[in-house]
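A quick write-up on the structure given underneath.
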Amino acid sequence: METVKMDVILEDDFVITEFACVVDLARVANRVLGFKKFSWNFYSQKAGEKTSSSCAKIDTSQIPGTPDCDYAIFLGNSDPSYASLDVSKYLPRYRFRGAKIILLSEAASRYISANHDLADGSTTHWENRLLLEEQQGIFGIGKELSTTKSNTVTSAGMSATADTMLMLIREHISGAKFKILTRIFLNETIRQPQTLQSEVGANGCRKNAKLDQIIKVMQENIEHPLPITALCKTVDRSHRHIERLFRAHLGSSPSAYYRELRLNRAHYLLLNSELSVEEIAIACGFKSGLSANYKLIFGKTSAKHRSRRVALLAEKIGVSPVWQPLIRSSIPLFVSSF
């Protein structure tokens with residue numbers, strides 16, 4: 001059996017969560033298969049022992065001049081600017097060898113920072129995105145869990161690494177074995193790459209407690225949206241004052257921001273649940289108007305988004321369009337197929 005080779009590139013203060021998601025998922029996949037399908041090597045710019053931000057230590061070799069791997073996975077780091085690793089320096093050698101590149105969180109940020117023109121179509125962790133916007137004026141970075149462009153995956157990292165790795169592994173093992181793997185990890189539903197990151201507390205980077213408090217209340221009242229006047233009362237501030245806060249820090253009105261939060265939740269449910277469009281509308285506080293509002297943000301109506309996804313699934317598993325309605329409730333079982 002042909003081995004799937006992975007180069008895992010890391011530096012001091014690497015993120016142990018991402019390391020564990022990469023290595024342990026591959027390790028358990030080998031156990032499920034009964035043979036070593038996946039192999040991995042640890043590399044850094046300068047060979048030696050590297051210590052994670054949580055004090056775990058990993059021995060590494062120097063990044064090879066002529067890599068021999070199928071995947072090059074660059075781990076994130078506790079340093080948002082990732083000054084210890086010049087990601088772009090090493091990508092050409094991996095691309096030349098035909099490896100697929102996966103850049104997690106800060107590694108993706110370093111890549112975007114060095115390639116401003118690639119911001120549109122790339123993503124990173126929301127904290128890093130805010131820093132890139134505020135410190136370097138780089139806008140247009142995606143909010144998805146991961147994106148793929150020219151055989152390069154940029155990812156939010158952290159727990160989203162597990163979703164990325166599961167989809168990687170799914171390409172190389174049978175559906176039955178994959179099902180066992182996801183059950184072992186108690187992670188049978190894989191989030192789609194297009195799933196938007198939850199930015200709970202993201203506004204905290206702006207250090208405004210009142211804004212944080214209002215957004216927290218918004219997030220807690222998605223199904224039954226509160227009037228803006230009621231939200232203002234929770235922080236004992238006038239509507240005009242809250243309007244100024246939202247405009248100054250988020251570039252949006254409170255009502256528009258609240259509506260986008262609810263639409264983001266609808267987007268997540270369309271991608272990752274078996275709820276009908278009507279049920280999703282109710283769950284996100286839209287008695288009417290979900291489709292039109294959704295189209296303004298995501299470019300197509302909620303119904304068309306779900307129908308397109310069902311059609312792709314049907315095509316993937318060889319189901320006639322006549323039977324497509326019958327697989328709508330099975331979407332979560334097949335999310336890794338896309």
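Each chain in the structure tokens gets a letter, A, B, ..., in the order shown, and its residues are numbered from 1; ligands are numbered from 1 in order too.
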
I want to know what sits within 10 Å of Ile16 of chain A, based on only C-alpha atoms, with residues of the same chain fewer than 3 positions away left out; could you give that as a PDB file with C-alpha atoms, in the first residue's frame?
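What ended up in result.pdb:
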ATOM      1  CA  ASP A  13       6.000  28.054  20.684  1.00  0.00           C
ATOM      2  CA  PHE A  19       0.083  19.298  16.501  1.00  0.00           C
ATOM      3  CA  ALA A  20      -2.177  16.781  18.258  1.00  0.00           C
ATOM      4  CA  CYS A  21      -4.925  17.104  15.630  1.00  0.00           C
ATOM      5  CA  VAL A  22      -2.452  16.412  12.813  1.00  0.00           C
ATOM      6  CA  THR A  51       9.154  23.579  22.549  1.00  0.00           C
ATOM      7  CA  SER A  52       5.433  24.277  22.275  1.00  0.00           C
ATOM      8  CA  SER A  53       3.689  27.146  24.037  1.00  0.00           C
ATOM      9  CA  SER A  54       2.541  24.531  26.573  1.00  0.00           C
ATOM     10  CA  CYS A  55       6.095  23.186  27.081  1.00  0.00           C
ATOM     11  CA  ALA A  56       5.838  19.968  25.032  1.00  0.00           C
ATOM     12  CA  LYS A  57       9.111  19.226  23.228  1.00  0.00           C
ATOM     13  CA  LEU A  75       1.659  24.588  12.336  1.00  0.00           C
ATOM     14  CA  GLY A  76       0.531  27.795  13.996  1.00  0.00           C
ATOM     15  CA  ASN A  77       2.457  29.611  16.711  1.00  0.00           C
ATOM     16  CA  MET A 158      -6.937  25.405  16.450  1.00  0.00           C
TER      17      MET A 158
END

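Residues in contact with segment 264-267 of chain A at up to 7 Å, not including ones fewer than 2 positions away on its chain and judged by only C-alpha atoms, are Leu196, Glu260, Leu261, Arg262, Leu269, Leu270, Leu271, Ile280 and Cys284 of chain A.
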
Margin query: When you look at segment 169-177 of chain A with a cut-off of 12 Å (counting only C-alpha atoms), what residues show up, excluding the ones that are within fewer than 4 positions of it in the same chain? I need them as number ranges by chain.
Written below: A: 1-6, 21-39, 70-71, 162-165, 181-184, 190, 317, 333-338

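Using only C-alpha atoms, the smallest distance between any of A:Lys100, A:Glu134, A:Thr195, A:Glu243 and Thr148 of chain A comes from A:Lys100.
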
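The space between atom CA of Leu145 of chain A and atom CA of Lys287 of chain A spans 28.5 Å.
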
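Straight-line separation from atom CA of Ser105 of chain A to atom CA of Ser81 of chain A: 10.4 Å.
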
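Considering only C-alpha atoms, the residue among A:Lys304, A:His239, A:Lys89, A:Arg95 positioned nearest to Ser253 of chain A is A:His239.
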
Margin query: Need to verify the contact set: Gln219 of chain A, 12 Å, only C-alpha atoms, exclusion of same-chain residues closer than 3 positions in sequence. Can you return it as a ChimeraX atom specification?
Written below: /A:198-201,212-216,222-226,231,257-265,284-285

Expected file contents, prior selection, N, CA and C atoms, as a PDB file, in the first residue's frame:
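Saved file selection.pdb follows:
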ATOM      1  N   SER A 198     -16.695  31.356  14.366  1.00  0.00           N
ATOM      2  CA  SER A 198     -17.433  32.054  15.415  1.00  0.00           C
ATOM      3  C   SER A 198     -16.497  33.069  16.038  1.00  0.00           C
ATOM      4  N   GLU A 199     -16.922  34.317  16.034  1.00  0.00           N
ATOM      5  CA  GLU A 199     -16.048  35.368  16.535  1.00  0.00           C
ATOM      6  C   GLU A 199     -16.504  35.882  17.886  1.00  0.00           C
ATOM      7  N   VAL A 200     -16.939  34.980  18.753  1.00  0.00           N
ATOM      8  CA  VAL A 200     -17.361  35.374  20.091  1.00  0.00           C
ATOM      9  C   VAL A 200     -16.197  36.060  20.782  1.00  0.00           C
ATOM     10  N   GLY A 201     -16.417  37.286  21.189  1.00  0.00           N
ATOM     11  CA  GLY A 201     -15.372  38.009  21.895  1.00  0.00           C
ATOM     12  C   GLY A 201     -14.344  38.650  20.992  1.00  0.00           C
ATOM     13  N   ASP A 212     -18.683  44.692  23.848  1.00  0.00           N
ATOM     14  CA  ASP A 212     -18.606  43.252  24.127  1.00  0.00           C
ATOM     15  C   ASP A 212     -19.905  42.739  24.747  1.00  0.00           C
ATOM     16  N   GLN A 213     -20.393  43.487  25.706  1.00  0.00           N
ATOM     17  CA  GLN A 213     -21.585  43.056  26.435  1.00  0.00           C
ATOM     18  C   GLN A 213     -22.803  42.978  25.527  1.00  0.00           C
ATOM     19  N   ILE A 214     -22.980  43.981  24.666  1.00  0.00           N
ATOM     20  CA  ILE A 214     -24.133  43.978  23.757  1.00  0.00           C
ATOM     21  C   ILE A 214     -24.040  42.826  22.764  1.00  0.00           C
ATOM     22  N   ILE A 215     -22.864  42.605  22.204  1.00  0.00           N
ATOM     23  CA  ILE A 215     -22.705  41.528  21.226  1.00  0.00           C
ATOM     24  C   ILE A 215     -22.943  40.174  21.881  1.00  0.00           C
ATOM     25  N   LYS A 216     -22.519  40.030  23.125  1.00  0.00           N
ATOM     26  CA  LYS A 216     -22.769  38.781  23.849  1.00  0.00           C
ATOM     27  C   LYS A 216     -24.273  38.539  23.988  1.00  0.00           C
ATOM     28  N   ILE A 222     -30.340  34.735  19.362  1.00  0.00           N
ATOM     29  CA  ILE A 222     -30.402  34.593  17.913  1.00  0.00           C
ATOM     30  C   ILE A 222     -31.802  34.172  17.463  1.00  0.00           C
ATOM     31  N   GLU A 223     -32.374  33.199  18.145  1.00  0.00           N
ATOM     32  CA  GLU A 223     -33.687  32.680  17.736  1.00  0.00           C
ATOM     33  C   GLU A 223     -34.793  33.701  17.973  1.00  0.00           C
ATOM     34  N   HIS A 224     -34.673  34.462  19.055  1.00  0.00           N
ATOM     35  CA  HIS A 224     -35.678  35.483  19.365  1.00  0.00           C
ATOM     36  C   HIS A 224     -34.959  36.832  19.504  1.00  0.00           C
ATOM     37  N   PRO A 225     -34.700  37.493  18.377  1.00  0.00           N
ATOM     38  CA  PRO A 225     -33.929  38.745  18.397  1.00  0.00           C
ATOM     39  C   PRO A 225     -34.593  39.815  19.267  1.00  0.00           C
ATOM     40  N   LEU A 226     -33.761  40.535  20.006  1.00  0.00           N
ATOM     41  CA  LEU A 226     -34.255  41.615  20.845  1.00  0.00           C
ATOM     42  C   LEU A 226     -34.254  42.932  20.075  1.00  0.00           C
ATOM     43  N   LEU A 231     -31.544  46.111  23.821  1.00  0.00           N
ATOM     44  CA  LEU A 231     -30.110  45.870  23.944  1.00  0.00           C
ATOM     45  C   LEU A 231     -29.418  47.061  24.611  1.00  0.00           C
ATOM     46  N   TYR A 257     -25.399  44.652  12.182  1.00  0.00           N
ATOM     47  CA  TYR A 257     -24.476  43.683  12.785  1.00  0.00           C
ATOM     48  C   TYR A 257     -25.256  42.493  13.356  1.00  0.00           C
ATOM     49  N   TYR A 258     -26.335  42.784  14.036  1.00  0.00           N
ATOM     50  CA  TYR A 258     -27.191  41.745  14.627  1.00  0.00           C
ATOM     51  C   TYR A 258     -27.748  40.838  13.531  1.00  0.00           C
ATOM     52  N   ARG A 259     -28.207  41.433  12.441  1.00  0.00           N
ATOM     53  CA  ARG A 259     -28.737  40.647  11.330  1.00  0.00           C
ATOM     54  C   ARG A 259     -27.658  39.744  10.734  1.00  0.00           C
ATOM     55  N   GLU A 260     -26.427  40.271  10.615  1.00  0.00           N
ATOM     56  CA  GLU A 260     -25.351  39.448  10.054  1.00  0.00           C
ATOM     57  C   GLU A 260     -24.995  38.286  10.981  1.00  0.00           C
ATOM     58  N   LEU A 261     -25.028  38.509  12.287  1.00  0.00           N
ATOM     59  CA  LEU A 261     -24.798  37.411  13.231  1.00  0.00           C
ATOM     60  C   LEU A 261     -25.804  36.287  12.999  1.00  0.00           C
ATOM     61  N   ARG A 262     -27.069  36.656  12.819  1.00  0.00           N
ATOM     62  CA  ARG A 262     -28.125  35.662  12.615  1.00  0.00           C
ATOM     63  C   ARG A 262     -27.957  34.957  11.268  1.00  0.00           C
ATOM     64  N   LEU A 263     -27.523  35.719  10.237  1.00  0.00           N
ATOM     65  CA  LEU A 263     -27.295  35.108   8.927  1.00  0.00           C
ATOM     66  C   LEU A 263     -26.087  34.173   8.952  1.00  0.00           C
ATOM     67  N   ASN A 264     -25.056  34.536   9.704  1.00  0.00           N
ATOM     68  CA  ASN A 264     -23.908  33.647   9.854  1.00  0.00           C
ATOM     69  C   ASN A 264     -24.320  32.334  10.505  1.00  0.00           C
ATOM     70  N   ARG A 265     -25.206  32.433  11.481  1.00  0.00           N
ATOM     71  CA  ARG A 265     -25.709  31.216  12.126  1.00  0.00           C
ATOM     72  C   ARG A 265     -26.517  30.388  11.129  1.00  0.00           C
ATOM     73  N   CYS A 284     -33.061  31.076  13.512  1.00  0.00           N
ATOM     74  CA  CYS A 284     -32.224  32.281  13.419  1.00  0.00           C
ATOM     75  C   CYS A 284     -33.044  33.570  13.499  1.00  0.00           C
ATOM     76  N   GLY A 285     -34.304  33.433  13.891  1.00  0.00           N
ATOM     77  CA  GLY A 285     -35.122  34.611  14.149  1.00  0.00           C
ATOM     78  C   GLY A 285     -35.674  35.310  12.938  1.00  0.00           C
TER      79      GLY A 285
END

Item checked: Filtered DSSP result for segment 96-285 of chain A, state helix (DSSP H, G or I), as a ChimeraX atom specification -> /A:96,106-114,116-118,126-136,160-170,175-184,202-206,209-220,228-234,239-250,254-272,277-283

Could the residues in this selection be written to a file with C-alpha atoms, as a tab-separated table (two decimals), in the first residue's frame?
chain	number	residue	atom	x	y	z
A	96	PHE	CA	7.87	22.23	-7.08
A	106	GLU	CA	-0.31	32.04	12.27
A	107	ALA	CA	1.42	30.25	9.39
A	108	ALA	CA	-1.46	31.37	7.18
A	109	SER	CA	-1.14	34.90	8.59
A	110	ARG	CA	2.58	35.04	7.78
A	111	TYR	CA	1.77	33.88	4.25
A	112	ILE	CA	-0.96	36.51	3.82
A	113	SER	CA	1.28	39.21	5.29
A	114	ALA	CA	3.92	38.47	2.67
A	116	HIS	CA	-1.19	40.95	0.23
A	117	ASP	CA	-2.68	40.20	-3.17
A	118	LEU	CA	-3.65	36.72	-1.94
A	126	TRP	CA	-10.14	35.58	13.39
A	127	GLU	CA	-7.76	37.08	15.98
A	128	ASN	CA	-4.98	37.14	13.41
A	129	ARG	CA	-7.30	38.57	10.76
A	130	LEU	CA	-8.15	41.50	13.03
A	131	LEU	CA	-4.46	42.14	13.67
A	132	LEU	CA	-3.65	42.05	9.95
A	133	GLU	CA	-6.47	44.51	9.30
A	134	GLU	CA	-5.57	46.88	12.12
A	135	GLN	CA	-1.76	46.73	12.02
A	136	GLN	CA	-1.02	46.19	8.32
A	160	ALA	CA	-10.54	23.51	12.83
A	161	THR	CA	-7.32	21.56	12.22
A	162	ALA	CA	-9.27	18.41	13.04
A	163	ASP	CA	-11.83	19.18	10.32
A	164	THR	CA	-9.04	19.84	7.80
A	165	MET	CA	-7.21	16.64	8.74
A	166	LEU	CA	-10.33	14.51	8.62
A	167	MET	CA	-11.08	15.73	5.10
A	168	LEU	CA	-7.47	15.02	4.13
A	169	ILE	CA	-7.64	11.50	5.54
A	170	ARG	CA	-11.04	10.91	3.91
A	175	GLY	CA	-15.87	5.23	3.75
A	176	ALA	CA	-16.34	2.39	6.25
A	177	LYS	CA	-12.90	2.88	7.79
A	178	PHE	CA	-13.42	6.61	7.87
A	179	LYS	CA	-16.68	6.14	9.76
A	180	ILE	CA	-14.84	4.14	12.41
A	181	LEU	CA	-12.20	6.85	12.70
A	182	THR	CA	-14.75	9.62	13.25
A	183	ARG	CA	-16.58	7.53	15.84
A	184	ILE	CA	-13.36	6.92	17.76
A	202	ALA	CA	-13.51	39.10	18.77
A	203	ASN	CA	-14.52	42.64	19.48
A	204	GLY	CA	-12.64	42.34	22.77
A	205	CYS	CA	-9.51	43.19	20.80
A	206	ARG	CA	-11.01	46.67	20.58
A	209	ALA	CA	-16.65	46.44	27.43
A	210	LYS	CA	-20.05	47.88	26.50
A	211	LEU	CA	-19.70	46.68	22.93
A	212	ASP	CA	-18.61	43.25	24.13
A	213	GLN	CA	-21.58	43.06	26.44
A	214	ILE	CA	-24.13	43.98	23.76
A	215	ILE	CA	-22.71	41.53	21.23
A	216	LYS	CA	-22.77	38.78	23.85
A	217	VAL	CA	-26.47	39.46	24.42
A	218	MET	CA	-27.05	39.43	20.64
A	219	GLN	CA	-25.35	36.04	20.38
A	220	GLU	CA	-27.47	34.68	23.20
A	228	ILE	CA	-32.11	47.44	19.68
A	229	THR	CA	-33.72	49.57	22.39
A	230	ALA	CA	-33.78	46.52	24.69
A	231	LEU	CA	-30.11	45.87	23.94
A	232	CYS	CA	-29.27	49.46	24.85
A	233	LYS	CA	-30.95	49.00	28.23
A	234	THR	CA	-28.69	46.04	29.04
A	239	HIS	CA	-29.46	54.22	21.20
A	240	ARG	CA	-27.39	57.07	19.75
A	241	HIS	CA	-24.39	56.18	21.93
A	242	ILE	CA	-24.55	52.50	20.94
A	243	GLU	CA	-24.93	53.46	17.29
A	244	ARG	CA	-21.71	55.50	17.52
A	245	LEU	CA	-19.88	52.60	19.18
A	246	PHE	CA	-20.83	50.16	16.44
A	247	ARG	CA	-19.96	52.63	13.69
A	248	ALA	CA	-16.60	53.49	15.24
A	249	HIS	CA	-15.43	49.97	16.09
A	250	LEU	CA	-17.26	47.70	13.65
A	254	PRO	CA	-26.25	47.65	15.58
A	255	SER	CA	-29.21	46.29	13.60
A	256	ALA	CA	-27.06	45.38	10.57
A	257	TYR	CA	-24.48	43.68	12.78
A	258	TYR	CA	-27.19	41.75	14.63
A	259	ARG	CA	-28.74	40.65	11.33
A	260	GLU	CA	-25.35	39.45	10.05
A	261	LEU	CA	-24.80	37.41	13.23
A	262	ARG	CA	-28.12	35.66	12.61
A	263	LEU	CA	-27.30	35.11	8.93
A	264	ASN	CA	-23.91	33.65	9.85
A	265	ARG	CA	-25.71	31.22	12.13
A	266	ALA	CA	-28.09	30.32	9.29
A	267	HIS	CA	-25.09	29.76	7.01
A	268	TYR	CA	-23.56	27.39	9.57
A	269	LEU	CA	-26.78	25.40	9.91
A	270	LEU	CA	-27.22	25.14	6.13
A	271	LEU	CA	-23.73	23.68	5.85
A	272	ASN	CA	-23.68	21.45	8.90
A	277	VAL	CA	-34.53	25.93	5.34
A	278	GLU	CA	-37.79	26.81	7.09
A	279	GLU	CA	-36.54	25.41	10.42
A	280	ILE	CA	-33.27	27.29	10.03
A	281	ALA	CA	-35.16	30.53	9.40
A	282	ILE	CA	-37.06	30.05	12.67
A	283	ALA	CA	-33.91	29.08	14.58
